[in-house]
Amino acid sequence: MGTAAEVADKETNGGLLDGKKVTVVFVLGGPGSGKGTQCANIVKRYGFTHLSAGDLLRAEIKSGSENGKMIQEMIKDGKIVPSEVTIKLLHRAMLESGNDKFLIDGFPRNEENRAAFEAVTNIEPEFVLFFDCPEEEMERRILGRNQGREDDNIETIRKRFKVFLDSSLPVIKYYESIGKVRKIDAGKPVDEVFESVKTIFAKYETKWYDTPRGRTMMLCIGGFMLVSAAVALALRKRNSR
Ligand SMILES: Nc1ncnc2c1ncn2[C@@H]1O[C@H](COP(=O)(O)OP(=O)(O)O)[C@@H](O)[C@H]1O
Ligand SMILES: Nc1ccn([C@H]2C[C@H](O)[C@@H](COP(=O)(O)OP(=O)(O)O)O2)c(=O)n1
């Protein structure tokens, strides 16, 4: 695994994702709107790789990297970490996954995130999945989340709601203006929210032969057919003698 700095070098030297064509869906919504919960469902059913900007930043804090302290302070205060830090982490995770379909969750969270990602990666999202949820419901969910997060306290939650309204909603509005937003009523129970998600992701349904097990089965069937053909040919030759 390379450090963020090594990835930065690769960016300058080798170009992003080496020109590989990727599908990116941005997953946005207020804190506690259920982004992570639904991303887990999408991963299982549609074979995307889930990259949570928040999770990557928290892992960076844990790794004890030189940026860790700064990231920790910003998250504790409900602020948005500078784009270059988050983009390097996202880019590294994309390279390491080996997949070509990504759910980028909690990013871009402000105009700086959006513009920098586009400028650095040249990647346009297929669409933006927006979880629209009432604030009281999000607050209830976060307070019941119990993940021991330093920012899941009422004071920081209120700051995060303000940052969402002031900085993240304008990004969603921008994508709305270019017809890329798919809005979901996220105030409903998990299963109902996923029903709405499914209607949007229908075209990404993984075919059985596209799964690792499916590919192995196809190889076995192909091998079996080849062997059968060879045996039939050998028998025919012997009988014609
Ligand atoms: N539709 C839902 N109804 C009720 N609780 C939910 C729903 N979706 C998620 N939750 C719960 O709410 C909390 C926040 O959800 P999470 O997926 O972590 O949100 P986000 O990633 O948007 O911050 C979690 O404890 C999760 O189990
Ligand atoms: N693009 C991002 C995403 C998250 N962060 C920071 C700031 C956010 O308040 C925290 C937590 O984000 P995360 O997406 O994990 O969680 P919530 O949606 O707020 O519940 O991480 C960031 O600085 N930049």
# chains A, B, ... in the order shown; residues from 1 in each chain; ligands from 1
$ residues_near_ligand --ligand "ligand 1" --cutoff "7 Å" --atoms "only C-alpha atoms and all ligand atoms" --output "VMD selection string"
chain A and resid 29 to 38 141 to 142 144 to 145 186 to 190 193
$ select_by_dssp --residues "range 9-220 of chain A" --states "helix (DSSP H, G or I)" --output "compact mmCIF listing (two decimals) with N, CA and C atoms, in the first residue's frame"
# COMPACT_ATOMS: atom_id res chain seq x y z
N ASP A 9 2.76 11.30 -6.25
CA ASP A 9 3.81 11.17 -7.25
C ASP A 9 3.29 10.46 -8.48
N LYS A 10 2.54 9.37 -8.22
CA LYS A 10 2.01 8.59 -9.32
C LYS A 10 1.09 9.46 -10.17
N GLU A 11 0.32 10.34 -9.46
CA GLU A 11 -0.59 11.22 -10.19
C GLU A 11 0.17 12.07 -11.19
N THR A 12 1.29 12.65 -10.71
CA THR A 12 2.03 13.56 -11.59
C THR A 12 2.75 12.78 -12.68
N ASN A 13 3.25 11.57 -12.30
CA ASN A 13 4.05 10.83 -13.28
C ASN A 13 3.21 9.98 -14.22
N GLY A 14 2.27 9.23 -13.63
CA GLY A 14 1.60 8.22 -14.44
C GLY A 14 0.22 8.59 -14.92
N LEU A 16 -3.94 9.78 -13.89
CA LEU A 16 -4.92 9.19 -12.99
C LEU A 16 -5.52 7.91 -13.53
N LEU A 17 -5.50 6.86 -12.73
CA LEU A 17 -6.09 5.56 -13.07
C LEU A 17 -5.61 5.05 -14.42
N ASP A 18 -4.48 5.57 -14.86
CA ASP A 18 -3.87 5.16 -16.13
C ASP A 18 -4.87 5.12 -17.28
N GLY A 19 -5.75 6.11 -17.30
CA GLY A 19 -6.70 6.22 -18.42
C GLY A 19 -7.83 5.20 -18.37
N LYS A 35 -26.57 7.34 4.07
CA LYS A 35 -25.70 7.11 2.91
C LYS A 35 -24.94 5.79 3.05
N GLY A 36 -24.26 5.64 4.19
CA GLY A 36 -23.44 4.44 4.40
C GLY A 36 -24.29 3.17 4.40
N THR A 37 -25.44 3.25 5.03
CA THR A 37 -26.34 2.09 5.12
C THR A 37 -26.76 1.63 3.73
N GLN A 38 -27.17 2.57 2.90
CA GLN A 38 -27.64 2.19 1.56
C GLN A 38 -26.48 1.81 0.65
N CYS A 39 -25.32 2.44 0.85
CA CYS A 39 -24.15 2.07 0.03
C CYS A 39 -23.82 0.59 0.24
N ALA A 40 -23.94 0.13 1.49
CA ALA A 40 -23.64 -1.30 1.78
C ALA A 40 -24.60 -2.17 0.97
N ASN A 41 -25.87 -1.78 0.89
CA ASN A 41 -26.85 -2.54 0.10
C ASN A 41 -26.50 -2.53 -1.39
N ILE A 42 -26.08 -1.37 -1.87
CA ILE A 42 -25.77 -1.23 -3.32
C ILE A 42 -24.56 -2.11 -3.67
N VAL A 43 -23.56 -2.10 -2.78
CA VAL A 43 -22.35 -2.91 -3.01
C VAL A 43 -22.73 -4.38 -3.18
N LYS A 44 -23.58 -4.86 -2.26
CA LYS A 44 -23.96 -6.29 -2.30
C LYS A 44 -24.67 -6.64 -3.59
N ARG A 45 -25.57 -5.77 -4.02
CA ARG A 45 -26.41 -6.14 -5.16
C ARG A 45 -25.82 -5.76 -6.51
N TYR A 46 -25.06 -4.67 -6.55
CA TYR A 46 -24.65 -4.16 -7.86
C TYR A 46 -23.14 -4.16 -8.09
N ALA A 53 -15.70 9.01 2.02
CA ALA A 53 -14.67 10.02 2.29
C ALA A 53 -14.43 10.12 3.80
N GLY A 54 -15.50 10.09 4.58
CA GLY A 54 -15.38 10.18 6.04
C GLY A 54 -14.58 9.01 6.61
N ASP A 55 -14.89 7.78 6.13
CA ASP A 55 -14.16 6.60 6.62
C ASP A 55 -12.68 6.69 6.26
N LEU A 56 -12.39 7.14 5.04
CA LEU A 56 -10.98 7.25 4.62
C LEU A 56 -10.25 8.28 5.48
N LEU A 57 -10.93 9.38 5.79
CA LEU A 57 -10.28 10.40 6.63
C LEU A 57 -10.06 9.87 8.05
N ARG A 58 -11.05 9.13 8.57
CA ARG A 58 -10.89 8.57 9.92
C ARG A 58 -9.76 7.54 9.95
N ALA A 59 -9.62 6.76 8.86
CA ALA A 59 -8.52 5.78 8.79
C ALA A 59 -7.17 6.51 8.75
N GLU A 60 -7.14 7.64 8.08
CA GLU A 60 -5.90 8.42 7.98
C GLU A 60 -5.50 8.95 9.37
N ILE A 61 -6.51 9.35 10.16
CA ILE A 61 -6.21 9.80 11.54
C ILE A 61 -5.58 8.62 12.31
N LYS A 62 -6.23 7.46 12.19
CA LYS A 62 -5.76 6.26 12.94
C LYS A 62 -4.37 5.85 12.52
N GLY A 68 -2.85 13.55 10.10
CA GLY A 68 -3.86 13.02 11.01
C GLY A 68 -4.41 14.02 12.01
N LYS A 69 -3.50 14.76 12.64
CA LYS A 69 -3.93 15.67 13.71
C LYS A 69 -4.84 16.76 13.14
N MET A 70 -4.42 17.31 11.98
CA MET A 70 -5.20 18.36 11.34
C MET A 70 -6.60 17.85 10.97
N ILE A 71 -6.64 16.63 10.39
CA ILE A 71 -7.93 16.04 9.98
C ILE A 71 -8.82 15.85 11.21
N GLN A 72 -8.21 15.35 12.28
CA GLN A 72 -8.98 15.08 13.50
C GLN A 72 -9.61 16.37 14.04
N GLU A 73 -8.81 17.44 14.07
CA GLU A 73 -9.31 18.72 14.60
C GLU A 73 -10.47 19.22 13.75
N MET A 74 -10.31 19.09 12.42
CA MET A 74 -11.36 19.61 11.52
C MET A 74 -12.65 18.82 11.67
N ILE A 75 -12.53 17.50 11.73
CA ILE A 75 -13.73 16.66 11.86
C ILE A 75 -14.42 16.91 13.19
N LYS A 76 -13.61 17.07 14.25
CA LYS A 76 -14.19 17.32 15.57
C LYS A 76 -14.99 18.62 15.58
N SER A 83 -9.51 19.75 0.11
CA SER A 83 -9.77 18.79 -0.97
C SER A 83 -8.57 17.93 -1.31
N GLU A 84 -7.38 18.53 -1.35
CA GLU A 84 -6.23 17.74 -1.83
C GLU A 84 -6.00 16.51 -0.97
N VAL A 85 -6.26 16.65 0.33
CA VAL A 85 -6.07 15.51 1.25
C VAL A 85 -7.08 14.42 0.92
N THR A 86 -8.35 14.80 0.82
CA THR A 86 -9.42 13.81 0.60
C THR A 86 -9.29 13.18 -0.78
N ILE A 87 -8.94 13.97 -1.79
CA ILE A 87 -8.85 13.44 -3.15
C ILE A 87 -7.70 12.42 -3.25
N LYS A 88 -6.59 12.70 -2.58
CA LYS A 88 -5.49 11.72 -2.61
C LYS A 88 -5.93 10.39 -2.01
N LEU A 89 -6.68 10.48 -0.90
CA LEU A 89 -7.14 9.24 -0.26
C LEU A 89 -8.12 8.50 -1.16
N LEU A 90 -9.02 9.24 -1.79
CA LEU A 90 -10.00 8.60 -2.69
C LEU A 90 -9.29 7.95 -3.87
N HIS A 91 -8.34 8.69 -4.42
CA HIS A 91 -7.63 8.19 -5.59
C HIS A 91 -6.88 6.91 -5.27
N ARG A 92 -6.19 6.92 -4.13
CA ARG A 92 -5.43 5.73 -3.72
C ARG A 92 -6.38 4.54 -3.56
N ALA A 93 -7.54 4.79 -2.93
CA ALA A 93 -8.50 3.69 -2.71
C ALA A 93 -9.05 3.18 -4.04
N MET A 94 -9.24 4.08 -4.99
CA MET A 94 -9.74 3.64 -6.31
C MET A 94 -8.71 2.75 -6.99
N LEU A 95 -7.45 3.17 -6.94
CA LEU A 95 -6.38 2.38 -7.56
C LEU A 95 -6.28 1.01 -6.92
N GLU A 96 -6.37 1.00 -5.59
CA GLU A 96 -6.17 -0.26 -4.87
C GLU A 96 -7.32 -1.24 -5.03
N SER A 97 -8.51 -0.73 -5.32
CA SER A 97 -9.69 -1.61 -5.36
C SER A 97 -9.68 -2.54 -6.56
N GLU A 111 -18.01 23.17 -2.92
CA GLU A 111 -17.63 23.52 -4.29
C GLU A 111 -16.14 23.25 -4.53
N GLU A 112 -15.33 23.48 -3.51
CA GLU A 112 -13.88 23.24 -3.65
C GLU A 112 -13.63 21.75 -3.91
N ASN A 113 -14.28 20.87 -3.15
CA ASN A 113 -14.18 19.42 -3.37
C ASN A 113 -14.56 19.09 -4.81
N ARG A 114 -15.67 19.63 -5.26
CA ARG A 114 -16.20 19.28 -6.58
C ARG A 114 -15.24 19.71 -7.70
N ALA A 115 -14.84 20.98 -7.64
CA ALA A 115 -14.00 21.52 -8.71
C ALA A 115 -12.63 20.84 -8.72
N ALA A 116 -12.07 20.61 -7.51
CA ALA A 116 -10.74 19.99 -7.45
C ALA A 116 -10.77 18.56 -7.98
N PHE A 117 -11.81 17.80 -7.61
CA PHE A 117 -11.90 16.41 -8.06
C PHE A 117 -11.98 16.37 -9.59
N GLU A 118 -12.82 17.25 -10.12
CA GLU A 118 -12.99 17.26 -11.58
C GLU A 118 -11.68 17.65 -12.27
N ALA A 119 -11.01 18.66 -11.71
CA ALA A 119 -9.76 19.14 -12.33
C ALA A 119 -8.66 18.07 -12.24
N VAL A 120 -8.56 17.42 -11.09
CA VAL A 120 -7.47 16.46 -10.89
C VAL A 120 -7.72 15.14 -11.61
N THR A 121 -8.98 14.65 -11.55
CA THR A 121 -9.23 13.30 -12.07
C THR A 121 -9.83 13.30 -13.47
N GLU A 135 -34.22 17.08 8.97
CA GLU A 135 -33.13 17.26 9.92
C GLU A 135 -33.38 16.54 11.26
N GLU A 136 -34.65 16.60 11.74
CA GLU A 136 -34.94 15.96 13.05
C GLU A 136 -34.66 14.46 12.98
N GLU A 137 -34.99 13.86 11.81
CA GLU A 137 -34.77 12.42 11.64
C GLU A 137 -33.27 12.13 11.60
N MET A 138 -32.51 12.97 10.90
CA MET A 138 -31.05 12.75 10.82
C MET A 138 -30.45 12.86 12.22
N GLU A 139 -30.92 13.86 12.98
CA GLU A 139 -30.37 14.06 14.33
C GLU A 139 -30.66 12.83 15.20
N ARG A 140 -31.91 12.33 15.10
CA ARG A 140 -32.28 11.14 15.88
C ARG A 140 -31.37 9.97 15.51
N ARG A 141 -31.15 9.78 14.21
CA ARG A 141 -30.34 8.64 13.76
C ARG A 141 -28.89 8.75 14.24
N ILE A 142 -28.33 9.96 14.13
CA ILE A 142 -26.91 10.10 14.53
C ILE A 142 -26.75 9.86 16.03
N LEU A 143 -27.70 10.41 16.80
CA LEU A 143 -27.59 10.24 18.25
C LEU A 143 -27.77 8.78 18.66
N ILE A 154 -24.17 16.48 20.04
CA ILE A 154 -25.16 17.45 19.57
C ILE A 154 -24.54 18.77 19.06
N GLU A 155 -23.46 19.20 19.74
CA GLU A 155 -22.84 20.48 19.33
C GLU A 155 -22.24 20.36 17.92
N THR A 156 -21.47 19.29 17.68
CA THR A 156 -20.84 19.11 16.36
C THR A 156 -21.90 18.77 15.30
N ILE A 157 -22.93 18.02 15.70
CA ILE A 157 -23.99 17.66 14.74
C ILE A 157 -24.61 18.94 14.17
N ARG A 158 -24.90 19.90 15.06
CA ARG A 158 -25.52 21.16 14.61
C ARG A 158 -24.60 21.89 13.62
N LYS A 159 -23.29 21.87 13.92
CA LYS A 159 -22.33 22.51 13.01
C LYS A 159 -22.34 21.80 11.66
N ARG A 160 -22.39 20.46 11.69
CA ARG A 160 -22.37 19.69 10.43
C ARG A 160 -23.63 19.97 9.62
N PHE A 161 -24.78 20.12 10.31
CA PHE A 161 -26.01 20.45 9.57
C PHE A 161 -25.85 21.80 8.86
N LYS A 162 -25.23 22.76 9.55
CA LYS A 162 -25.06 24.09 8.96
C LYS A 162 -24.13 24.01 7.74
N VAL A 163 -23.02 23.25 7.92
CA VAL A 163 -22.08 23.09 6.80
C VAL A 163 -22.79 22.41 5.63
N PHE A 164 -23.67 21.44 5.94
CA PHE A 164 -24.39 20.77 4.86
C PHE A 164 -25.26 21.77 4.09
N LEU A 165 -26.01 22.59 4.84
CA LEU A 165 -26.90 23.56 4.17
C LEU A 165 -26.10 24.60 3.40
N ASP A 166 -25.04 25.13 4.02
CA ASP A 166 -24.28 26.23 3.40
C ASP A 166 -23.37 25.76 2.27
N SER A 167 -22.73 24.59 2.44
CA SER A 167 -21.69 24.20 1.48
C SER A 167 -22.05 23.02 0.58
N SER A 168 -22.79 22.03 1.13
CA SER A 168 -23.05 20.82 0.33
C SER A 168 -24.29 20.97 -0.55
N LEU A 169 -25.33 21.61 -0.01
CA LEU A 169 -26.55 21.78 -0.83
C LEU A 169 -26.27 22.52 -2.14
N PRO A 170 -25.43 23.56 -2.14
CA PRO A 170 -25.12 24.23 -3.42
C PRO A 170 -24.50 23.27 -4.45
N VAL A 171 -23.71 22.29 -3.99
CA VAL A 171 -23.12 21.31 -4.92
C VAL A 171 -24.25 20.46 -5.52
N ILE A 172 -25.19 20.06 -4.66
CA ILE A 172 -26.32 19.25 -5.14
C ILE A 172 -27.14 20.08 -6.14
N LYS A 173 -27.32 21.36 -5.82
CA LYS A 173 -28.08 22.26 -6.74
C LYS A 173 -27.36 22.34 -8.08
N TYR A 174 -26.02 22.43 -8.04
CA TYR A 174 -25.25 22.50 -9.29
C TYR A 174 -25.54 21.25 -10.14
N TYR A 175 -25.44 20.07 -9.51
CA TYR A 175 -25.66 18.83 -10.28
C TYR A 175 -27.12 18.73 -10.74
N GLU A 176 -28.03 19.31 -9.94
CA GLU A 176 -29.44 19.33 -10.35
C GLU A 176 -29.59 20.14 -11.64
N SER A 177 -28.84 21.25 -11.70
CA SER A 177 -28.97 22.15 -12.86
C SER A 177 -28.46 21.48 -14.14
N VAL A 190 -35.35 1.69 6.20
CA VAL A 190 -34.22 1.25 5.36
C VAL A 190 -34.67 0.48 4.10
N ASP A 191 -35.56 -0.51 4.29
CA ASP A 191 -35.98 -1.35 3.16
C ASP A 191 -36.70 -0.54 2.09
N GLU A 192 -37.54 0.40 2.56
CA GLU A 192 -38.28 1.23 1.59
C GLU A 192 -37.34 2.15 0.84
N VAL A 193 -36.34 2.68 1.55
CA VAL A 193 -35.36 3.54 0.87
C VAL A 193 -34.64 2.71 -0.20
N PHE A 194 -34.30 1.45 0.15
CA PHE A 194 -33.56 0.63 -0.82
C PHE A 194 -34.42 0.30 -2.03
N GLU A 195 -35.74 0.18 -1.84
CA GLU A 195 -36.62 -0.05 -3.00
C GLU A 195 -36.47 1.11 -3.99
N SER A 196 -36.42 2.33 -3.48
CA SER A 196 -36.26 3.50 -4.37
C SER A 196 -34.88 3.47 -5.03
N VAL A 197 -33.87 3.08 -4.24
CA VAL A 197 -32.50 3.02 -4.77
C VAL A 197 -32.44 2.03 -5.94
N LYS A 198 -33.12 0.90 -5.76
CA LYS A 198 -33.07 -0.16 -6.78
C LYS A 198 -33.59 0.32 -8.13
N THR A 199 -34.62 1.17 -8.10
CA THR A 199 -35.17 1.63 -9.39
C THR A 199 -34.11 2.46 -10.14
N ILE A 200 -33.23 3.10 -9.39
CA ILE A 200 -32.20 3.94 -10.02
C ILE A 200 -31.02 3.10 -10.52
N PHE A 201 -30.74 2.02 -9.79
CA PHE A 201 -29.55 1.21 -10.13
C PHE A 201 -29.86 0.01 -11.03
N ALA A 202 -31.13 -0.11 -11.47
CA ALA A 202 -31.54 -1.31 -12.21
C ALA A 202 -30.55 -1.67 -13.32
N LYS A 203 -30.05 -0.65 -14.02
CA LYS A 203 -29.19 -0.98 -15.17
C LYS A 203 -27.81 -1.54 -14.77
N TYR A 204 -27.50 -1.45 -13.46
CA TYR A 204 -26.21 -1.99 -13.01
C TYR A 204 -26.34 -3.39 -12.42
N TRP A 208 -25.33 -13.01 -13.53
CA TRP A 208 -24.67 -14.11 -12.81
C TRP A 208 -23.31 -14.43 -13.41
N TYR A 209 -23.16 -14.30 -14.76
CA TYR A 209 -21.89 -14.66 -15.38
C TYR A 209 -20.82 -13.58 -15.22
N ASP A 210 -21.22 -12.46 -14.57
CA ASP A 210 -20.26 -11.40 -14.31
C ASP A 210 -19.66 -11.49 -12.91
N PRO A 212 -17.52 -13.58 -9.83
CA PRO A 212 -16.39 -14.52 -9.85
C PRO A 212 -16.87 -15.96 -9.99
N ARG A 213 -17.96 -16.33 -9.23
CA ARG A 213 -18.45 -17.70 -9.30
C ARG A 213 -19.00 -17.99 -10.71
N GLY A 214 -19.71 -16.98 -11.25
CA GLY A 214 -20.28 -17.14 -12.59
C GLY A 214 -19.20 -17.35 -13.64
N ARG A 215 -18.10 -16.59 -13.50
CA ARG A 215 -17.00 -16.72 -14.48
C ARG A 215 -16.36 -18.10 -14.38
N THR A 216 -16.20 -18.60 -13.12
CA THR A 216 -15.63 -19.95 -12.95
C THR A 216 -16.54 -20.98 -13.61
N MET A 217 -17.87 -20.82 -13.40
CA MET A 217 -18.81 -21.76 -14.00
C MET A 217 -18.72 -21.75 -15.52
N MET A 218 -18.61 -20.54 -16.09
CA MET A 218 -18.51 -20.41 -17.55
C MET A 218 -17.25 -21.13 -18.06
N LEU A 219 -16.14 -20.96 -17.29
CA LEU A 219 -14.88 -21.62 -17.69
C LEU A 219 -15.04 -23.14 -17.65
N CYS A 220 -15.70 -23.62 -16.58
CA CYS A 220 -15.89 -25.07 -16.44
C CYS A 220 -16.75 -25.59 -17.60
$ closest_residue --among "A:Glu150, A:Glu66, A:Asp100, A:Glu126" --to "ligand 2" --atoms "only C-alpha atoms and all ligand atoms"
A:Glu150
$ select_by_dssp --residues "range 85-212 of chain A" --states "strand (DSSP E)" --output "list in words"
Lys101, Phe102, Leu103, Ile104, Asp105, Phe127, Val128, Leu129, Phe130, Phe131, Asp132, Val181, Arg182, Lys183, Ile184 and Asp185 of chain A
$ write_last_selection --atoms "N, CA, C and O atoms" --output "PDB file, in the first residue's frame"
ATOM      1  N   LYS A 101     -16.256   0.407 -10.799  1.00  0.00           N
ATOM      2  CA  LYS A 101     -17.534   1.047 -10.440  1.00  0.00           C
ATOM      3  C   LYS A 101     -17.460   1.505  -8.987  1.00  0.00           C
ATOM      4  O   LYS A 101     -17.250   0.680  -8.094  1.00  0.00           O
ATOM      5  N   PHE A 102     -17.609   2.796  -8.782  1.00  0.00           N
ATOM      6  CA  PHE A 102     -17.401   3.330  -7.433  1.00  0.00           C
ATOM      7  C   PHE A 102     -18.581   4.162  -6.941  1.00  0.00           C
ATOM      8  O   PHE A 102     -19.117   4.989  -7.687  1.00  0.00           O
ATOM      9  N   LEU A 103     -18.916   3.942  -5.655  1.00  0.00           N
ATOM     10  CA  LEU A 103     -19.845   4.836  -4.962  1.00  0.00           C
ATOM     11  C   LEU A 103     -18.971   5.725  -4.111  1.00  0.00           C
ATOM     12  O   LEU A 103     -18.294   5.234  -3.202  1.00  0.00           O
ATOM     13  N   ILE A 104     -18.934   7.003  -4.409  1.00  0.00           N
ATOM     14  CA  ILE A 104     -18.119   7.908  -3.592  1.00  0.00           C
ATOM     15  C   ILE A 104     -19.070   8.642  -2.647  1.00  0.00           C
ATOM     16  O   ILE A 104     -19.866   9.480  -3.065  1.00  0.00           O
ATOM     17  N   ASP A 105     -18.976   8.251  -1.377  1.00  0.00           N
ATOM     18  CA  ASP A 105     -19.975   8.630  -0.366  1.00  0.00           C
ATOM     19  C   ASP A 105     -19.453   9.803   0.476  1.00  0.00           C
ATOM     20  O   ASP A 105     -18.360   9.746   1.017  1.00  0.00           O
ATOM     21  N   PHE A 127     -24.076   9.961 -12.089  1.00  0.00           N
ATOM     22  CA  PHE A 127     -25.161  10.738 -11.478  1.00  0.00           C
ATOM     23  C   PHE A 127     -24.850  10.925 -10.002  1.00  0.00           C
ATOM     24  O   PHE A 127     -23.858  10.366  -9.493  1.00  0.00           O
ATOM     25  N   VAL A 128     -25.686  11.733  -9.353  1.00  0.00           N
ATOM     26  CA  VAL A 128     -25.509  11.997  -7.922  1.00  0.00           C
ATOM     27  C   VAL A 128     -26.739  11.444  -7.205  1.00  0.00           C
ATOM     28  O   VAL A 128     -27.870  11.835  -7.519  1.00  0.00           O
ATOM     29  N   LEU A 129     -26.504  10.505  -6.294  1.00  0.00           N
ATOM     30  CA  LEU A 129     -27.596   9.933  -5.520  1.00  0.00           C
ATOM     31  C   LEU A 129     -27.759  10.804  -4.280  1.00  0.00           C
ATOM     32  O   LEU A 129     -26.841  10.895  -3.462  1.00  0.00           O
ATOM     33  N   PHE A 130     -28.922  11.453  -4.161  1.00  0.00           N
ATOM     34  CA  PHE A 130     -29.115  12.408  -3.074  1.00  0.00           C
ATOM     35  C   PHE A 130     -30.161  11.877  -2.095  1.00  0.00           C
ATOM     36  O   PHE A 130     -31.329  11.706  -2.440  1.00  0.00           O
ATOM     37  N   PHE A 131     -29.709  11.634  -0.864  1.00  0.00           N
ATOM     38  CA  PHE A 131     -30.616  11.171   0.179  1.00  0.00           C
ATOM     39  C   PHE A 131     -31.199  12.378   0.908  1.00  0.00           C
ATOM     40  O   PHE A 131     -30.504  13.039   1.679  1.00  0.00           O
ATOM     41  N   ASP A 132     -32.472  12.611   0.625  1.00  0.00           N
ATOM     42  CA  ASP A 132     -33.143  13.776   1.189  1.00  0.00           C
ATOM     43  C   ASP A 132     -33.880  13.356   2.457  1.00  0.00           C
ATOM     44  O   ASP A 132     -34.786  12.518   2.400  1.00  0.00           O
ATOM     45  N   VAL A 181     -28.994  14.796 -10.766  1.00  0.00           N
ATOM     46  CA  VAL A 181     -29.374  14.363  -9.417  1.00  0.00           C
ATOM     47  C   VAL A 181     -30.521  13.352  -9.446  1.00  0.00           C
ATOM     48  O   VAL A 181     -31.506  13.532 -10.157  1.00  0.00           O
ATOM     49  N   ARG A 182     -30.350  12.253  -8.697  1.00  0.00           N
ATOM     50  CA  ARG A 182     -31.427  11.278  -8.499  1.00  0.00           C
ATOM     51  C   ARG A 182     -31.774  11.365  -7.017  1.00  0.00           C
ATOM     52  O   ARG A 182     -31.002  10.903  -6.169  1.00  0.00           O
ATOM     53  N   LYS A 183     -32.930  11.984  -6.741  1.00  0.00           N
ATOM     54  CA  LYS A 183     -33.280  12.259  -5.337  1.00  0.00           C
ATOM     55  C   LYS A 183     -34.126  11.138  -4.744  1.00  0.00           C
ATOM     56  O   LYS A 183     -35.050  10.649  -5.376  1.00  0.00           O
ATOM     57  N   ILE A 184     -33.775  10.759  -3.520  1.00  0.00           N
ATOM     58  CA  ILE A 184     -34.463   9.673  -2.813  1.00  0.00           C
ATOM     59  C   ILE A 184     -35.074  10.239  -1.533  1.00  0.00           C
ATOM     60  O   ILE A 184     -34.406  11.000  -0.822  1.00  0.00           O
ATOM     61  N   ASP A 185     -36.300   9.824  -1.225  1.00  0.00           N
ATOM     62  CA  ASP A 185     -36.886  10.194   0.063  1.00  0.00           C
ATOM     63  C   ASP A 185     -36.275   9.271   1.116  1.00  0.00           C
ATOM     64  O   ASP A 185     -36.652   8.100   1.221  1.00  0.00           O
TER      65      ASP A 185
END
$ closest_residue --among "A:Ser65, A:Gln147, A:Asn110, A:Ser228" --to "Pro82 in chain A" --atoms "only C-alpha atoms"
A:Asn110
$ atom_distance --atom1 "atom 15 (O, counted along the ligand's line) of ligand 2" --atom2 "CA of Gly148 in chain A"
12.3 Å
$ atom_distance --atom1 "CA of Lys21 in chain A" --atom2 "CA of Phe48 in chain A"
14.2 Å
$ atom_distance --atom1 "atom 24 (N, counted along the ligand's line) of ligand 2" --atom2 "CA of Val81 in chain A"
5.0 Å
$ closest_residue --among "A:Gly223, A:Gly98, A:Pro108, A:Pro134" --to "ligand 2" --atoms "only C-alpha atoms and all ligand atoms"
A:Pro108
$ closest_residue --among "A:Ser52, A:Ser63, A:Thr211, A:Asn99" --to "ligand 2" --atoms "only C-alpha atoms and all ligand atoms"
A:Ser52
